[in-house]
Amino acid sequence: MDDVFLSMRQVNYRYPGAAVGVDEVDWSMPAGAFHCLLGRSGCGKSTLLKLAAGLLLPESGAIMIEGQPVRGPGLATGFVFQTPTLLEWLSVIDNVLLPVSLQRRPGTADTARARVLLEQLGLHALHGRYPRQLSGGQQSRVAIARALLTQPRLLLMDEPFAALDALTREELQDTLLAACRLRGTSVLFVTHDITEAVYLGDRVAVMDHGRIRCDEPVELACPRSPGLRHSPQFNAVCAKLRRAMETVQ
Ligand SMILES: Nc1ncnc2c1ncn2[C@@H]1O[C@H](COP(=O)(O)OP(=O)(O)OP(=O)(O)O)[C@@H](O)[C@H]1O
């Protein structure tokens, strides 16, 4: 199929000595899609993301982005971890510019792009602050801006909002959807939270013991709006995924 952006075919990986890894995973995403991976702790979600990022290489099977095999990490893929991992000694704008400054001296175009991202992520007044002067939600916003700086086609997110309070988390979900829609960024997003997966994802997969056990398209109104969270349709999809998660445990 020519509209496949990311494809995984029969992908296997296991850390030495680990009981669970990634087991015969087949997955594909069209460009601009937002896919979520749900599953209990230790089922292999982070391992799958690291494989997609090229941080790990599969023992067998193939991972392709736009038809090219993934052979290692690259600027075409952004990664956001559970903790924002900001550098304490750099200001907000310098943290956002980090992916460029690791390669070369940032130019005016890079700084302009960083400022636009900070504006879009609601951080325009905080350029000169340091991470210790920010709330957890603001730090997460900086981490997202940093991951988007190089204009990656693919954003991989590993429970990036897990440590935030429920309302901040919902605000960030809307900010993230808007930022990715604007850029056409494809996103693979790992979470433990069923409502988060359903709000964000246009497709949600449930992982268990390294395998994809259930793969559910989410046919809810786009773009998402906060009122959707209280609708019967939203609750019905959440209930279906919950049943799927309970069945596989
Ligand atoms: N660096 C590592 N070395 C050895 N084993 C590892 C390593 N990282 C993960 N594992 C093991 O691989 C398996 C899958 O771990 P993974 O981190 O992918 O799970 P997960 O679903 O992301 O869990 P969580 O939701 O808790 O983050 C687990 O059994 C884990 O103990």
# chains A, B, ... in the order shown; residues from 1 in each chain; ligands from 1

$ residues_near_ligand --ligand "ligand 1" --cutoff "10 Å" --atoms "only C-alpha atoms and all ligand atoms" --output "PDB file with C-alpha atoms, in the first residue's frame"
ATOM      1  CA  TYR A  13      12.937  -8.355  20.169  1.00  0.00           C
ATOM      2  CA  ARG A  14      13.747  -9.517  23.676  1.00  0.00           C
ATOM      3  CA  TYR A  15      16.208  -8.071  26.184  1.00  0.00           C
ATOM      4  CA  PRO A  16      18.625 -10.755  27.398  1.00  0.00           C
ATOM      5  CA  GLY A  17      16.978 -12.630  30.266  1.00  0.00           C
ATOM      6  CA  ALA A  18      13.611 -10.813  29.950  1.00  0.00           C
ATOM      7  CA  ALA A  19      10.493 -12.982  29.963  1.00  0.00           C
ATOM      8  CA  VAL A  20       8.579 -10.567  27.699  1.00  0.00           C
ATOM      9  CA  GLY A  21       9.715  -8.574  24.699  1.00  0.00           C
ATOM     10  CA  VAL A  22       8.098  -7.751  21.388  1.00  0.00           C
ATOM     11  CA  LEU A  37      -0.739   1.592  22.451  1.00  0.00           C
ATOM     12  CA  LEU A  38      -2.406   0.489  25.665  1.00  0.00           C
ATOM     13  CA  GLY A  39      -1.279  -2.260  27.983  1.00  0.00           C
ATOM     14  CA  ARG A  40      -0.235  -3.170  31.462  1.00  0.00           C
ATOM     15  CA  SER A  41       3.193  -2.504  32.868  1.00  0.00           C
ATOM     16  CA  GLY A  42       5.896  -4.703  31.394  1.00  0.00           C
ATOM     17  CA  CYS A  43       3.934  -5.879  28.320  1.00  0.00           C
ATOM     18  CA  GLY A  44       6.483  -4.457  25.857  1.00  0.00           C
ATOM     19  CA  LYS A  45       5.087  -1.040  24.891  1.00  0.00           C
ATOM     20  CA  SER A  46       8.287   0.946  25.497  1.00  0.00           C
ATOM     21  CA  THR A  47      10.334  -1.730  23.758  1.00  0.00           C
ATOM     22  CA  LEU A  48       8.112  -1.383  20.680  1.00  0.00           C
ATOM     23  CA  LEU A  49       8.538   2.426  20.694  1.00  0.00           C
ATOM     24  CA  LYS A  50      12.322   2.108  21.008  1.00  0.00           C
ATOM     25  CA  LEU A  51      12.315  -0.260  18.039  1.00  0.00           C
ATOM     26  CA  GLN A  82       7.635   9.920  30.594  1.00  0.00           C
ATOM     27  CA  ASP A 158       6.093   7.100  26.021  1.00  0.00           C
ATOM     28  CA  GLU A 159       3.512   8.009  28.695  1.00  0.00           C
ATOM     29  CA  VAL A 190       2.015   4.781  24.701  1.00  0.00           C
ATOM     30  CA  THR A 191      -0.266   5.122  27.714  1.00  0.00           C
ATOM     31  CA  HIS A 192      -1.836   3.095  30.523  1.00  0.00           C
ATOM     32  CA  MET A 207      -0.611  -5.070  23.900  1.00  0.00           C
ATOM     33  CA  ASP A 208      -0.139  -8.084  26.118  1.00  0.00           C
ATOM     34  CA  HIS A 209       2.995 -10.187  26.667  1.00  0.00           C
ATOM     35  CA  GLY A 210       4.721  -8.593  23.709  1.00  0.00           C
TER      36      GLY A 210
END

$ residues_around --residues "stretch 106-110 of chain A" --least-positions-apart "3" --cutoff "12 Å" --atoms "only C-alpha atoms" --output "PDB file with N, CA and C atoms, in the first residue's frame"
ATOM      1  N   ILE A  93      14.277  28.139  26.079  1.00  0.00           N
ATOM      2  CA  ILE A  93      14.512  28.185  24.622  1.00  0.00           C
ATOM      3  C   ILE A  93      15.744  27.359  24.248  1.00  0.00           C
ATOM      4  N   ASP A  94      16.764  27.358  25.096  1.00  0.00           N
ATOM      5  CA  ASP A  94      17.953  26.554  24.783  1.00  0.00           C
ATOM      6  C   ASP A  94      17.672  25.058  24.909  1.00  0.00           C
ATOM      7  N   ASN A  95      16.767  24.685  25.820  1.00  0.00           N
ATOM      8  CA  ASN A  95      16.352  23.282  25.879  1.00  0.00           C
ATOM      9  C   ASN A  95      15.635  22.887  24.590  1.00  0.00           C
ATOM     10  N   VAL A  96      14.773  23.785  24.095  1.00  0.00           N
ATOM     11  CA  VAL A  96      14.041  23.471  22.856  1.00  0.00           C
ATOM     12  C   VAL A  96      15.020  23.358  21.683  1.00  0.00           C
ATOM     13  N   LEU A  97      16.061  24.203  21.706  1.00  0.00           N
ATOM     14  CA  LEU A  97      17.029  24.210  20.595  1.00  0.00           C
ATOM     15  C   LEU A  97      18.042  23.063  20.676  1.00  0.00           C
ATOM     16  N   LEU A  98      18.008  22.296  21.758  1.00  0.00           N
ATOM     17  CA  LEU A  98      19.037  21.275  21.983  1.00  0.00           C
ATOM     18  C   LEU A  98      19.266  20.308  20.799  1.00  0.00           C
ATOM     19  N   PRO A  99      18.202  19.765  20.172  1.00  0.00           N
ATOM     20  CA  PRO A  99      18.459  18.825  19.072  1.00  0.00           C
ATOM     21  C   PRO A  99      19.299  19.439  17.959  1.00  0.00           C
ATOM     22  N   VAL A 100      19.186  20.773  17.761  1.00  0.00           N
ATOM     23  CA  VAL A 100      20.011  21.430  16.740  1.00  0.00           C
ATOM     24  C   VAL A 100      21.392  21.716  17.308  1.00  0.00           C
ATOM     25  N   SER A 101      21.459  22.233  18.560  1.00  0.00           N
ATOM     26  CA  SER A 101      22.777  22.631  19.075  1.00  0.00           C
ATOM     27  C   SER A 101      23.699  21.431  19.310  1.00  0.00           C
ATOM     28  N   LEU A 102      23.118  20.218  19.382  1.00  0.00           N
ATOM     29  CA  LEU A 102      23.985  19.035  19.467  1.00  0.00           C
ATOM     30  C   LEU A 102      24.689  18.763  18.131  1.00  0.00           C
ATOM     31  N   GLN A 103      24.119  19.322  17.046  1.00  0.00           N
ATOM     32  CA  GLN A 103      24.696  19.088  15.704  1.00  0.00           C
ATOM     33  C   GLN A 103      25.537  20.257  15.221  1.00  0.00           C
ATOM     34  N   ARG A 113      11.933  29.177  14.720  1.00  0.00           N
ATOM     35  CA  ARG A 113      11.078  27.976  14.791  1.00  0.00           C
ATOM     36  C   ARG A 113      10.798  27.604  16.251  1.00  0.00           C
ATOM     37  N   ALA A 114      11.821  27.717  17.091  1.00  0.00           N
ATOM     38  CA  ALA A 114      11.642  27.403  18.515  1.00  0.00           C
ATOM     39  C   ALA A 114      10.630  28.360  19.144  1.00  0.00           C
ATOM     40  N   ARG A 115      10.707  29.647  18.755  1.00  0.00           N
ATOM     41  CA  ARG A 115       9.767  30.630  19.332  1.00  0.00           C
ATOM     42  C   ARG A 115       8.331  30.340  18.896  1.00  0.00           C
ATOM     43  N   VAL A 116       8.159  29.958  17.624  1.00  0.00           N
ATOM     44  CA  VAL A 116       6.812  29.619  17.129  1.00  0.00           C
ATOM     45  C   VAL A 116       6.264  28.428  17.924  1.00  0.00           C
ATOM     46  N   LEU A 117       7.107  27.419  18.150  1.00  0.00           N
ATOM     47  CA  LEU A 117       6.658  26.244  18.902  1.00  0.00           C
ATOM     48  C   LEU A 117       6.283  26.613  20.329  1.00  0.00           C
ATOM     49  N   ARG A 146      10.583  20.651  22.108  1.00  0.00           N
ATOM     50  CA  ARG A 146      11.932  20.178  21.739  1.00  0.00           C
ATOM     51  C   ARG A 146      11.838  19.019  20.736  1.00  0.00           C
ATOM     52  N   LEU A 148       9.511  18.491  18.633  1.00  0.00           N
ATOM     53  CA  LEU A 148       8.963  18.931  17.333  1.00  0.00           C
ATOM     54  C   LEU A 148       9.916  19.862  16.580  1.00  0.00           C
ATOM     55  N   LEU A 149      11.000  20.311  17.248  1.00  0.00           N
ATOM     56  CA  LEU A 149      11.863  21.334  16.638  1.00  0.00           C
ATOM     57  C   LEU A 149      12.417  20.921  15.270  1.00  0.00           C
ATOM     58  N   THR A 150      12.832  19.665  15.163  1.00  0.00           N
ATOM     59  CA  THR A 150      13.446  19.232  13.900  1.00  0.00           C
ATOM     60  C   THR A 150      12.383  18.823  12.872  1.00  0.00           C
ATOM     61  N   GLN A 151      11.128  19.142  13.180  1.00  0.00           N
ATOM     62  CA  GLN A 151      10.002  18.836  12.293  1.00  0.00           C
ATOM     63  C   GLN A 151       9.965  17.358  11.918  1.00  0.00           C
TER      64      GLN A 151
END

$ closest_residue --among "A:Val187, A:Val4, A:Cys36, A:Leu118" --to "A:Arg153" --atoms "only C-alpha atoms"
A:Val187

$ atom_distance --atom1 "atom CA of A:Arg183" --atom2 "atom CA of A:Pro152"
9.2 Å

$ residues_around --residues "A:Arg9" --least-positions-apart "3" --cutoff "6 Å" --atoms "only C-alpha atoms" --output "list of chain:residue names"
A:Asp26, A:Gly61, A:Ala62

$ write_last_selection --atoms "C-alpha atoms" --output "compact mmCIF listing (two decimals), in the first residue's frame"
# COMPACT_ATOMS: atom_id res chain seq x y z
CA ASP A 26 2.74 -6.45 12.63
CA GLY A 61 11.40 -8.81 11.13
CA ALA A 62 11.46 -5.40 9.47

$ residues_around --residues "A:Ala143" --least-positions-apart "5" --cutoff "8 Å" --atoms "only C-alpha atoms" --output "short mmCIF file (atom, residue, chain, number, x, y, z; two decimals) with N, CA and C atoms, in the first residue's frame"
data_model
loop_
_atom_site.label_atom_id
_atom_site.label_comp_id
_atom_site.auth_asym_id
_atom_site.auth_seq_id
_atom_site.Cartn_x
_atom_site.Cartn_y
_atom_site.Cartn_z
N VAL A 80 9.46 11.53 22.99
CA VAL A 80 9.14 12.22 24.26
C VAL A 80 8.96 11.14 25.33
N PRO A 84 10.20 14.74 31.54
CA PRO A 84 10.57 15.68 30.47
C PRO A 84 12.06 15.69 30.10
N THR A 85 12.93 15.20 31.02
CA THR A 85 14.38 15.12 30.74
C THR A 85 14.96 16.43 30.17
N LEU A 86 14.64 17.54 30.84
CA LEU A 86 15.21 18.83 30.42
C LEU A 86 16.57 19.03 31.09
N VAL A 96 14.77 23.78 24.10
CA VAL A 96 14.04 23.47 22.86
C VAL A 96 15.02 23.36 21.68
#

$ residues_around --residues "stretch 120-126 of chain A" --least-positions-apart "6" --cutoff "8 Å" --atoms "only C-alpha atoms" --output "list in words"
Val92, Gln138, Arg141, Val142, Ala145, Thr175 and Ala179 of chain A

$ closest_residue --among "A:Glu196, A:Arg129, A:Lys240, A:Thr111" --to "A:Glu216" --atoms "only C-alpha atoms"
A:Lys240

$ residues_around --residues "A:Leu176" --least-positions-apart "4" --cutoff "9 Å" --atoms "only C-alpha atoms" --output "count of residues only"
8

$ closest_residue --among "A:Met29, A:Ile212, A:Ala147, A:Asp3" --to "A:Gly74" --atoms "only C-alpha atoms"
A:Ala147
